[in-house]
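Trainee: Sharing work-v1.cif below, mmCIF, C-alpha atoms (C1' of nucleotides):
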data_run
#
loop_
_atom_site.label_atom_id
_atom_site.label_comp_id
_atom_site.auth_asym_id
_atom_site.auth_seq_id
_atom_site.Cartn_x
_atom_site.Cartn_y
_atom_site.Cartn_z
CA MET A 7 -45.69 20.54 95.63
CA THR A 8 -44.71 23.17 93.10
CA ILE A 9 -41.58 25.06 93.97
CA PRO A 10 -41.89 28.76 93.27
CA ILE A 11 -39.38 30.90 91.44
CA ILE A 12 -36.75 32.14 93.85
CA GLY A 13 -35.24 35.59 93.89
CA ILE A 14 -32.03 36.44 95.69
CA ILE A 15 -31.52 40.15 96.03
CA GLY A 16 -29.70 42.66 98.20
CA PRO A 17 -27.12 45.39 97.94
CA THR A 18 -23.83 44.94 96.17
CA ALA A 19 -21.06 42.85 97.77
CA THR A 20 -23.28 40.77 100.04
CA GLY A 21 -22.56 37.48 98.28
CA LYS A 22 -25.70 37.03 96.20
CA THR A 23 -23.90 35.22 93.41
CA ALA A 24 -22.26 32.70 95.73
CA VAL A 25 -25.57 31.91 97.44
CA GLY A 26 -27.30 31.65 94.07
CA ILE A 27 -24.77 29.13 92.79
CA GLU A 28 -24.97 27.06 95.96
CA LEU A 29 -28.74 27.05 95.90
CA ALA A 30 -28.89 26.20 92.20
CA LYS A 31 -26.69 23.18 92.81
CA MET A 32 -28.78 22.05 95.77
CA ILE A 33 -32.20 22.26 94.12
CA GLY A 34 -31.39 21.91 90.44
CA GLY A 35 -31.85 25.44 89.24
CA GLU A 36 -30.45 27.89 86.77
CA ILE A 37 -29.64 31.50 87.43
CA ILE A 38 -31.21 34.52 85.78
CA SER A 39 -29.06 37.55 86.45
CA ALA A 40 -30.99 40.73 87.23
CA ASP A 41 -28.07 43.07 86.91
CA SER A 42 -28.06 46.04 84.58
CA MET A 43 -24.30 45.95 84.04
CA ALA A 44 -23.53 42.22 83.88
CA VAL A 45 -25.34 42.10 80.54
CA TYR A 46 -22.36 43.75 78.85
CA LYS A 47 -19.60 41.66 77.28
CA GLY A 48 -16.09 42.55 78.35
CA MET A 49 -17.18 44.08 81.63
CA ASP A 50 -16.29 41.25 83.97
CA ILE A 51 -14.12 42.21 86.92
CA GLY A 52 -15.85 45.52 87.61
CA THR A 53 -19.32 43.99 87.58
CA ALA A 54 -18.20 41.07 89.77
CA LYS A 55 -19.58 38.61 87.25
CA PRO A 56 -19.39 34.90 88.07
CA THR A 57 -16.07 33.43 86.95
CA ILE A 58 -15.73 30.95 84.08
CA GLU A 59 -15.43 28.16 86.67
CA GLU A 60 -18.60 29.26 88.42
CA GLN A 61 -20.42 29.49 85.11
CA ALA A 62 -19.35 25.94 84.40
CA GLU A 63 -21.00 24.79 87.62
CA VAL A 64 -24.33 26.48 87.07
CA LYS A 65 -25.95 27.91 83.99
CA PHE A 66 -26.27 31.73 84.04
CA HIS A 67 -28.69 33.67 81.89
CA LEU A 68 -28.70 37.34 80.96
CA ILE A 69 -25.00 37.94 81.35
CA ASP A 70 -22.70 38.75 78.42
CA ILE A 71 -25.57 39.23 76.02
CA ILE A 72 -24.72 42.58 74.41
CA ASP A 73 -21.78 44.85 73.58
CA PRO A 74 -21.16 47.85 75.84
CA ASP A 75 -22.55 50.31 73.29
CA GLU A 76 -25.80 48.46 72.64
CA GLU A 77 -29.19 49.52 73.95
CA PHE A 78 -30.69 47.81 76.94
CA SER A 79 -33.54 48.54 79.29
CA ALA A 80 -35.78 47.18 81.99
CA VAL A 81 -38.37 46.16 79.42
CA ILE A 82 -35.87 44.29 77.29
CA PHE A 83 -34.70 42.58 80.47
CA ARG A 84 -38.23 41.60 81.37
CA ASN A 85 -39.07 40.23 77.95
CA ILE A 86 -35.97 38.07 77.80
CA ALA A 87 -36.37 36.93 81.41
CA TYR A 88 -39.99 35.91 80.81
CA ASN A 89 -38.95 33.66 77.95
CA ILE A 90 -36.16 32.05 79.92
CA ILE A 91 -38.42 31.43 82.91
CA ASP A 92 -41.05 29.79 80.69
CA ASP A 93 -38.41 27.63 79.12
CA LEU A 94 -36.87 26.56 82.44
CA ILE A 95 -40.21 25.70 83.95
CA SER A 96 -41.15 23.59 80.95
CA LYS A 97 -37.90 21.69 81.58
CA ASP A 98 -38.62 21.31 85.31
CA LYS A 99 -35.74 23.50 86.31
CA ILE A 100 -36.10 26.10 89.01
CA PRO A 101 -35.41 29.67 87.91
CA ILE A 102 -33.34 31.58 90.46
CA VAL A 103 -33.32 35.31 89.84
CA VAL A 104 -30.17 36.84 91.31
CA GLY A 105 -29.33 40.51 91.19
CA GLY A 106 -29.27 43.92 92.71
CA THR A 107 -31.03 46.05 90.12
CA GLY A 108 -34.24 46.93 91.91
CA LEU A 109 -36.03 48.23 88.85
CA TYR A 110 -35.42 44.99 86.97
CA ILE A 111 -36.79 42.91 89.82
CA LYS A 112 -39.84 45.10 89.96
CA ALA A 113 -40.29 45.19 86.20
CA LEU A 114 -40.26 41.39 86.27
CA THR A 115 -42.55 40.76 89.22
CA GLY A 116 -44.29 43.97 90.17
CA GLY A 117 -46.98 44.19 87.54
CA TYR A 118 -45.56 47.31 86.01
CA ASN A 119 -47.48 48.43 82.96
CA ILE A 120 -44.61 49.96 81.07
CA PRO A 121 -45.81 51.91 78.02
CA GLU A 122 -44.73 50.58 74.65
CA ALA A 123 -43.07 53.83 73.71
CA LYS A 124 -39.58 53.38 72.39
CA PRO A 125 -37.01 56.07 73.14
CA ASN A 126 -36.94 58.81 70.54
CA GLU A 127 -33.44 60.28 70.57
CA LYS A 128 -34.37 63.21 68.35
CA LEU A 129 -37.18 64.25 70.65
CA ARG A 130 -34.99 63.78 73.72
CA ASP A 131 -32.29 66.02 72.26
CA LYS A 132 -34.84 68.63 71.32
CA LEU A 133 -36.42 68.63 74.77
CA SER A 134 -33.14 68.76 76.64
CA SER A 135 -31.91 71.71 74.58
CA LEU A 136 -35.26 73.38 75.25
CA ALA A 137 -34.57 72.94 78.96
CA LYS A 138 -31.10 74.41 78.55
CA ILE A 139 -32.45 77.51 76.84
CA HIS A 140 -35.61 78.19 78.85
CA GLY A 141 -34.83 76.40 82.10
CA ASN A 142 -36.07 73.20 83.69
CA GLU A 143 -39.29 74.79 84.94
CA PHE A 144 -40.26 75.49 81.36
CA LEU A 145 -40.13 71.79 80.55
CA LEU A 146 -41.99 70.84 83.69
CA ASN A 147 -44.74 73.31 82.78
CA LYS A 148 -44.93 71.79 79.34
CA LEU A 149 -45.53 68.42 81.00
CA LYS A 150 -48.05 69.95 83.39
CA ALA A 151 -50.18 70.91 80.42
CA ILE A 152 -50.46 67.32 79.16
CA ASP A 153 -50.03 65.28 82.35
CA PRO A 154 -50.53 67.24 85.59
CA ILE A 155 -50.52 64.07 87.72
CA THR A 156 -46.98 63.15 86.74
CA ALA A 157 -45.80 66.76 86.67
CA ASN A 158 -46.86 67.24 90.28
CA LYS A 159 -44.84 64.24 91.36
CA LEU A 160 -41.63 65.31 89.66
CA HIS A 161 -39.06 67.89 90.74
CA CYS A 162 -38.10 70.32 87.98
CA ASN A 163 -34.50 69.08 88.06
CA ASP A 164 -35.60 65.51 87.44
CA ILE A 165 -35.12 66.20 83.78
CA ASN A 166 -34.80 62.60 82.57
CA ARG A 167 -38.21 61.66 83.91
CA ILE A 168 -39.82 64.84 82.64
CA ILE A 169 -38.49 64.12 79.17
CA ARG A 170 -39.60 60.51 79.33
CA ALA A 171 -43.11 61.54 80.37
CA ILE A 172 -43.39 63.99 77.49
CA GLU A 173 -41.98 61.36 75.15
CA VAL A 174 -44.58 58.79 76.18
CA PHE A 175 -47.35 61.28 75.53
CA SER A 176 -46.01 62.25 72.14
CA VAL A 177 -45.65 58.62 71.05
CA THR A 178 -48.82 57.09 72.53
CA GLY A 179 -51.08 60.10 72.87
CA LYS A 180 -51.68 59.11 76.49
CA PRO A 181 -50.04 60.51 79.61
CA ILE A 182 -47.56 58.22 81.34
CA SER A 183 -49.70 58.39 84.48
CA TYR A 184 -52.42 56.56 82.54
CA PHE A 185 -50.12 53.56 82.26
CA HIS A 186 -49.16 53.79 85.92
CA GLN A 187 -52.81 53.79 86.96
CA THR A 188 -53.53 50.62 85.05
CA GLU A 189 -50.66 48.90 86.81
CA GLY A 190 -51.19 45.28 87.59
CA SER A 191 -52.77 44.47 84.25
CA SER A 192 -49.64 42.51 83.35
CA GLU A 193 -49.40 40.47 86.52
CA PHE A 194 -46.43 38.15 86.86
CA PRO A 195 -47.90 34.71 86.15
CA TYR A 196 -45.66 32.75 88.50
CA GLN A 197 -45.25 32.65 92.21
CA ILE A 198 -41.97 34.21 93.25
CA ARG A 199 -40.36 34.35 96.68
CA LEU A 200 -37.81 37.08 97.24
CA PHE A 201 -34.97 36.62 99.70
CA GLY A 202 -32.80 39.58 100.65
CA LEU A 203 -29.26 39.24 101.94
CA SER A 204 -28.78 41.54 104.88
CA VAL A 205 -25.56 42.78 106.42
CA SER A 206 -24.87 45.60 108.87
CA ARG A 207 -24.00 48.92 107.29
CA GLU A 208 -20.51 48.82 108.76
CA THR A 209 -19.80 45.37 107.38
CA LEU A 210 -21.33 46.24 104.05
CA TYR A 211 -19.01 49.21 103.61
CA LYS A 212 -16.03 47.15 104.68
CA ARG A 213 -16.89 44.45 102.16
CA ILE A 214 -17.27 47.03 99.42
CA GLU A 215 -13.83 48.44 100.10
CA ASP A 216 -12.22 45.02 100.28
CA ARG A 217 -13.86 43.95 97.07
CA ILE A 218 -12.66 47.01 95.22
CA ASP A 219 -9.10 46.41 96.43
CA CYS A 220 -9.37 42.85 95.12
CA GLN A 221 -10.75 43.98 91.79
CA ILE A 222 -7.76 46.26 91.32
CA LYS A 223 -5.40 43.39 92.14
CA ASP A 224 -7.28 41.15 89.71
CA GLY A 225 -6.56 43.44 86.78
CA PHE A 226 -9.54 45.75 86.68
CA ILE A 227 -7.44 48.60 85.30
CA ASP A 228 -6.42 46.51 82.29
CA GLU A 229 -10.05 45.60 81.73
CA VAL A 230 -11.01 49.29 81.53
CA LYS A 231 -7.97 50.02 79.36
CA LEU A 232 -9.04 47.33 76.90
CA LEU A 233 -12.58 48.66 76.69
CA LEU A 234 -11.27 52.16 75.99
CA GLU A 235 -8.91 50.78 73.34
CA ASN A 236 -11.84 49.06 71.71
CA GLY A 237 -13.51 52.41 71.29
CA TYR A 238 -15.94 52.33 74.19
CA ASN A 239 -15.37 55.82 75.53
CA LYS A 240 -16.65 57.11 78.84
CA ASN A 241 -19.60 58.92 77.28
CA ILE A 242 -21.51 55.73 76.54
CA HIS A 243 -23.91 54.61 79.19
CA SER A 244 -22.26 51.35 80.19
CA MET A 245 -18.98 53.13 80.83
CA LYS A 246 -20.69 55.28 83.42
CA ALA A 247 -20.91 52.19 85.62
CA LEU A 248 -19.21 52.23 89.01
CA GLY A 249 -15.48 51.77 88.73
CA TYR A 250 -15.37 52.05 84.95
CA LYS A 251 -15.94 55.79 84.98
CA HIS A 252 -13.52 56.24 87.87
CA ILE A 253 -10.70 54.23 86.33
CA ALA A 254 -11.33 55.90 82.97
CA SER A 255 -10.76 59.34 84.49
CA PHE A 256 -7.59 58.10 86.12
CA LEU A 257 -6.35 56.69 82.80
CA SER A 258 -7.10 59.94 80.99
CA GLY A 259 -5.17 61.89 83.63
CA GLU A 260 -8.18 63.71 85.06
CA CYS A 261 -7.33 62.57 88.57
CA ASP A 262 -4.65 60.59 90.34
CA PHE A 263 -4.97 56.95 91.22
CA ASP A 264 -5.79 57.36 94.92
CA THR A 265 -8.52 59.88 94.18
CA ALA A 266 -10.04 57.55 91.59
CA ILE A 267 -10.14 54.67 94.07
CA ASP A 268 -11.57 56.84 96.87
CA LEU A 269 -14.35 58.06 94.61
CA PHE A 270 -14.98 54.54 93.31
CA LYS A 271 -15.44 53.36 96.90
CA ARG A 272 -17.54 56.33 97.95
CA ASP A 273 -19.85 56.08 94.97
CA THR A 274 -20.25 52.34 95.52
CA ARG A 275 -21.21 52.99 99.16
CA ARG A 276 -23.79 55.49 97.98
CA PHE A 277 -25.07 53.02 95.44
CA ALA A 278 -25.48 50.32 98.07
CA LYS A 279 -27.45 52.80 100.16
CA ARG A 280 -29.77 53.51 97.22
CA GLN A 281 -30.26 49.80 96.68
CA LEU A 282 -31.21 49.46 100.34
CA THR A 283 -33.75 52.26 99.96
CA TRP A 284 -35.24 50.50 96.99
CA PHE A 285 -35.50 47.10 98.69
CA ARG A 286 -36.87 48.53 101.92
CA GLY A 287 -39.91 49.54 99.93
CA MET A 288 -40.56 45.96 98.87
CA SER A 289 -42.46 44.45 101.77
CA GLU A 290 -42.53 40.96 100.26
CA ILE A 291 -38.80 40.46 100.76
CA GLU A 292 -37.79 37.90 103.39
CA TRP A 293 -34.50 39.02 104.87
CA ILE A 294 -31.68 36.62 105.69
CA ASP A 295 -28.75 37.39 107.95
CA ALA A 296 -25.81 37.22 105.56
CA GLU A 297 -23.36 38.40 108.16
CA ASN A 298 -23.49 35.50 110.62
CA TYR A 299 -24.57 32.62 108.41
CA SER A 300 -22.57 30.72 105.82
CA LYS A 301 -23.91 30.40 102.29
CA ASN A 302 -24.88 26.82 103.03
CA GLU A 303 -26.91 27.82 106.05
CA MET A 304 -28.58 30.55 104.04
CA CYS A 305 -29.52 28.10 101.32
CA GLU A 306 -31.00 25.76 103.93
CA GLN A 307 -33.03 28.64 105.32
CA ILE A 308 -34.35 29.48 101.86
CA ILE A 309 -35.27 25.88 101.14
CA LYS A 310 -36.97 25.52 104.50
CA SER A 311 -38.87 28.72 103.95
CA ILE A 312 -40.22 27.82 100.52
CA LYS A 313 -41.42 24.46 101.78
CA ASN A 314 -43.68 26.18 104.30
"C1'" G B 258 14.34 74.29 127.14
"C1'" C B 259 12.91 79.02 124.64
"C1'" C B 260 9.86 81.87 120.94
"C1'" G B 261 5.65 81.76 117.86
"C1'" G B 262 0.91 79.49 115.89
"C1'" G B 263 -3.05 76.30 116.93
"C1'" A B 264 -7.04 73.12 119.73
"C1'" U B 265 -14.71 74.34 117.21
"C1'" A B 266 -19.13 68.50 113.56
"C1'" G B 267 -16.49 61.89 111.65
"C1'" C B 268 -12.49 65.06 108.53
"C1'" U B 269 -10.56 70.02 106.74
"C1'" C B 270 -11.55 74.58 108.48
"C1'" A B 271 -14.57 79.44 109.07
"C1'" G B 272 -16.91 82.35 112.90
"C1'" U B 273 -18.92 84.75 117.24
"C1'" U B 274 -16.64 93.61 118.28
"C1'" G B 275 -19.01 88.42 124.98
"C1'" G B 276 -25.85 86.59 124.25
"C1'" U B 277 -23.91 78.36 123.45
"C1'" A B 278 -22.16 78.33 116.14
"C1'" G B 279 -21.64 77.20 110.04
"C1'" A B 280 -19.29 75.85 105.18
"C1'" G B 281 -17.14 72.01 102.14
"C1'" C B 282 -16.34 66.90 102.23
"C1'" A B 283 -17.82 62.31 104.61
"C1'" G B 284 -22.61 60.47 106.42
"C1'" U B 285 -28.20 59.67 106.71
"C1'" G B 286 -33.30 59.42 104.68
"C1'" G B 287 -36.41 59.43 100.34
"C1'" A B 288 -37.87 59.03 95.04
"C1'" C B 289 -37.55 55.78 90.93
"C1'" U B 290 -42.60 52.43 85.37
"C1'" G B 291 -38.14 51.19 77.83
"C1'" A B 292 -30.90 55.04 80.48
"C1'" A B 293 -31.53 52.51 86.97
"C1'" A B 294 -24.11 50.69 88.86
"C1'" A B 295 -28.08 55.92 85.69
"C1'" U B 296 -30.77 60.12 87.42
"C1'" C B 297 -33.27 63.33 91.01
"C1'" C B 298 -34.79 65.41 96.00
"C1'" A B 299 -34.23 66.36 101.29
"C1'" C B 300 -31.47 66.44 106.15
"C1'" G B 301 -28.30 66.53 110.63
"C1'" U B 302 -24.53 66.01 113.45
"C1'" G B 303 -21.25 70.00 118.63
"C1'" U B 304 -18.98 69.24 126.85
"C1'" C B 305 -16.57 75.20 120.66
"C1'" C B 306 -9.35 71.03 124.80
"C1'" G B 307 -9.51 71.27 130.62
"C1'" C B 308 -9.65 74.16 135.13
"C1'" A B 309 -9.98 78.82 137.47
"C1'" G B 310 -10.92 84.28 137.09
"C1'" U B 311 -13.63 88.78 135.19
"C1'" U B 312 -18.94 89.39 133.83
"C1'" C B 313 -25.98 89.46 134.41
"C1'" A B 314 -23.83 86.20 130.61
"C1'" A B 315 -17.60 83.19 128.43
"C1'" U B 316 -16.78 78.87 123.00
"C1'" U B 317 -15.24 84.22 122.51
"C1'" C B 318 -11.52 88.24 127.30
"C1'" U B 319 -7.49 86.99 131.24
"C1'" G B 320 -4.40 83.37 133.88
"C1'" C B 321 -2.68 78.41 134.52
"C1'" G B 322 -2.48 73.45 132.61
"C1'" U B 323 -2.54 69.60 128.68
"C1'" C B 324 -1.75 68.18 123.74
"C1'" C B 325 -0.36 69.28 118.49
"C1'" C B 326 2.42 72.09 114.53
"C1'" G B 327 6.46 75.35 113.04
"C1'" G B 328 11.18 77.98 114.28
"C1'" C B 329 15.50 78.57 117.49
"C1'" A B 330 18.60 75.95 120.71
#
Starting from the file, lay out its structure as structure tokens.
Mentor:
Amino acid sequence: MTIPIIGIIGPTATGKTAVGIELAKMIGGEIISADSMAVYKGMDIGTAKPTIEEQAEVKFHLIDIIDPDEEFSAVIFRNIAYNIIDDLISKDKIPIVVGGTGLYIKALTGGYNIPEAKPNEKLRDKLSSLAKIHGNEFLLNKLKAIDPITANKLHCNDINRIIRAIEVFSVTGKPISYFHQTEGSSEFPYQIRLFGLSVSRETLYKRIEDRIDCQIKDGFIDEVKLLLENGYNKNIHSMKALGYKHIASFLSGECDFDTAIDLFKRDTRRFAKRQLTWFRGMSEIEWIDAENYSKNEMCEQIIKSIKN
RNA sequence: GCCGGGAUAGCUCAGUUGGUAGAGCAGUGGACUGAAAAUCCACGUGUCCGCAGUUCAAUUCUGCGUCCCGGCA
């Protein structure tokens, strides 16, 4: 019997990493992190990365691969992940994808046909200043002229997507909707089974708050301080991550400590809610009760399920 | 104990010259195709403290009660 690739997903603070490690040890796997923030070096406590000890137990891929000011994207993630999966399978190891970044999971498995149009900063700056001068509707109308299908789906304030759609057209000469329509042409070549860790909303929010309190105790503030000292200011994308931006505004005196922590917790709750929205739309996910079962029991459930 | 002020959404409060009510925050739902822990959209929630009176009609006016916050003792 061939064991499929396993995915462990779910909102933040549900224990995905712990289950992933346990499962990897039980079935002889290695972990591929699908987490847009764990890729950055030096961002450890705030991203709840596996500890050094945990990384010694099981091999983790796609964490600590770039500096906080380097470019990264869903496509880069997918390309690297593909290579690692191929490599693991050739070595008879089971790839276990663990992470909460819905777009990355979907980019990997969902047959997205993402256009090969690299970001063009100059064009982006030009378009966004155009929007500032003439208004967002102006930009949306510009898109309507070249790609009415996409323009009709987007709200005029959804400026990032409007700009991206115009960018794709200007680079490839084809509307972005053309690529969306041909979705599925790059089908994921392996079988993957996705397991979602599920916890009641109340418990989820409690766990988020507890985890943040622990992160502060574990020295998260010093971690942010060090990043700032190393020149990674809060304008770069990675520093807009949850916690990092909040602690950075506390350190710069923009708000007091309690406010920073309250906003950190609130924004993390909102993030977890958005993750839930994303995963609800993925009907292939098999949900596991992560509130009443131990990580061992969950692993047994996963193993039992993939054998059927 | 006395004198004021209050009691309205989960929280902070506004309001109704009497016709059962609305902001902010919290919360909820959705979107997402090379920034995604980012970004964008949409939406509620009510014994208006209790009881009685006046009135066609009381959350609104009157009386009593309860609780809270000031001040004086």
Trainee: Of the candidates A:Cys261, A:Cys162, A:Ile120, A:Ile38, which shows the shortest atom-to-atom distance to chain B, using only C-alpha atoms (C1' of nucleotides)?
Mentor: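 Among the listed residues, A:Ile120 lies closest to chain B.
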Trainee: Please tell me which residues are no farther than 10 Å from (10.5, 81.9, 121.2) in the file, counting only C-alpha atoms (C1' of nucleotides), and write them as a ChimeraX atom specification.
Mentor: /B:259-261,328-329
Trainee: Just need the residues of chain B within 8 Å of chain A, counting only C-alpha atoms (C1' of nucleotides), so spit them out as a short mmCIF file (atom, residue, chain, number, x, y, z; two decimals) with C-alpha atoms (C1' of nucleotides), in the frame of the given file.
Mentor:
data_model
loop_
_atom_site.label_atom_id
_atom_site.label_comp_id
_atom_site.auth_asym_id
_atom_site.auth_seq_id
_atom_site.Cartn_x
_atom_site.Cartn_y
_atom_site.Cartn_z
"C1'" G B 287 -36.41 59.43 100.34
"C1'" C B 289 -37.55 55.78 90.93
"C1'" U B 290 -42.60 52.43 85.37
"C1'" G B 291 -38.14 51.19 77.83
"C1'" A B 292 -30.90 55.04 80.48
"C1'" A B 293 -31.53 52.51 86.97
"C1'" A B 294 -24.11 50.69 88.86
"C1'" A B 295 -28.08 55.92 85.69
"C1'" U B 296 -30.77 60.12 87.42
"C1'" C B 297 -33.27 63.33 91.01
"C1'" C B 298 -34.79 65.41 96.00
#
Trainee: Emit as AutoDock Vina command-line options the padded axis-aligned box for all listed atoms of stretch 145-152 of chain A, 8 Å per side, with centre and edge lengths in Å to one decimal.
Mentor:
--center_x -45.3 --center_y 70.3 --center_z 81.4 --size_x 26.3 --size_y 22.0 --size_z 20.5
Trainee: Using only C-alpha atoms (C1' of nucleotides), pick whichever of B:A330, B:A314, B:A271, B:A309 has the shortest atom-to-atom distance to B:G258.
Mentor: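 Residue with the minimum atom-to-atom distance to B:G258: B:A330.
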Trainee: Could you work out how far atom CA of A:Glu229 lies from atom CA of A:Met49, giving the answer in Å with one decimal?
Mentor: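 According to the coordinates, atom CA of A:Met49 and atom CA of A:Glu229 are separated by 7.3 Å.
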Trainee: Please indicate the distance in Å from atom C1' of B:G263 to atom C1' of B:G276, rounded to one decimal place.
Mentor: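 Rounded to one decimal, the two atoms are 26.1 Å apart.
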Trainee: Can you pull out the residues contacting stretch 68-72 of chain A? Cut-off 7 Å, using all atoms listed in the file, and skip same-chain residues under 2 positions away; I want them as an MDAnalysis selection string.
Mentor: chainID A and resid 38:39 44:47 66 74 76
Trainee: Have a look at atom CA of A:Ala137 and atom C1' of B:C300 and let me know their distance in Å, one decimal.
Mentor: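 Between atom CA of A:Ala137 and atom C1' of B:C300 the gap is 28.1 Å.
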Trainee: Just checking: using all atoms listed in the file, which residue out of B:A299, B:A278, B:A264, B:A283 ends up closest to B:C324?
Mentor: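 The closest residue to B:C324 is B:A264.
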Trainee: Tell me which protein, DNA and RNA residues are within 7 Å of A:Trp293, counting all atoms listed in the file, leaving out same-chain ones fewer than 2 positions away, and put them as a list in words.
Mentor: Phe201, Gly202, Leu203, Ser204, Ile291 and Asp295 of chain A
Trainee: For the residues in that selection, give me C-alpha atoms as a PDB file, in the frame of the given file.
Mentor:
ATOM      1  CA  PHE A 201     -34.970  36.620  99.700  1.00  0.00           C
ATOM      2  CA  GLY A 202     -32.800  39.580 100.650  1.00  0.00           C
ATOM      3  CA  LEU A 203     -29.260  39.240 101.940  1.00  0.00           C
ATOM      4  CA  SER A 204     -28.780  41.540 104.880  1.00  0.00           C
ATOM      5  CA  ILE A 291     -38.800  40.460 100.760  1.00  0.00           C
ATOM      6  CA  ASP A 295     -28.750  37.390 107.950  1.00  0.00           C
TER       7      ASP A 295
END
Trainee: Which neighbours of stretch 318-322 of chain B fall inside 12 Å, counting only C-alpha atoms (C1' of nucleotides), when residues of the same chain fewer than 4 positions from it are skipped, and could you give them as number ranges by chain?
Mentor: B: 274-275, 306-312
Trainee: From the set B:C270, B:U285, B:C313, B:C325, which residue has the shortest atom-to-atom contact distance to B:G301, counting all atoms listed in the file?
Mentor: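 So, comparing all the options, the nearest one is B:U285.
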Trainee: Suppose a student applies the PyMOL selection byres ((chain A and resi 172) around 10) to this structure; what residues should they get, written as JSON, numbers by chain?
Mentor: {"A": [129, 130, 133, 145, 146, 148, 149, 150, 152, 153, 156, 157, 167, 168, 169, 170, 171, 173, 174, 175, 176, 177, 179, 180, 181, 182]}
Trainee: Kindly resolve the PyMOL selection byres ((chain B and resi 281) around 9) on the present coordinates and return the residues as a list in words.
Mentor: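 This file, filtered by the PyMOL selection byres ((chain B and resi 281) around 9), leaves U269, C270, A280 and C282 of chain B.
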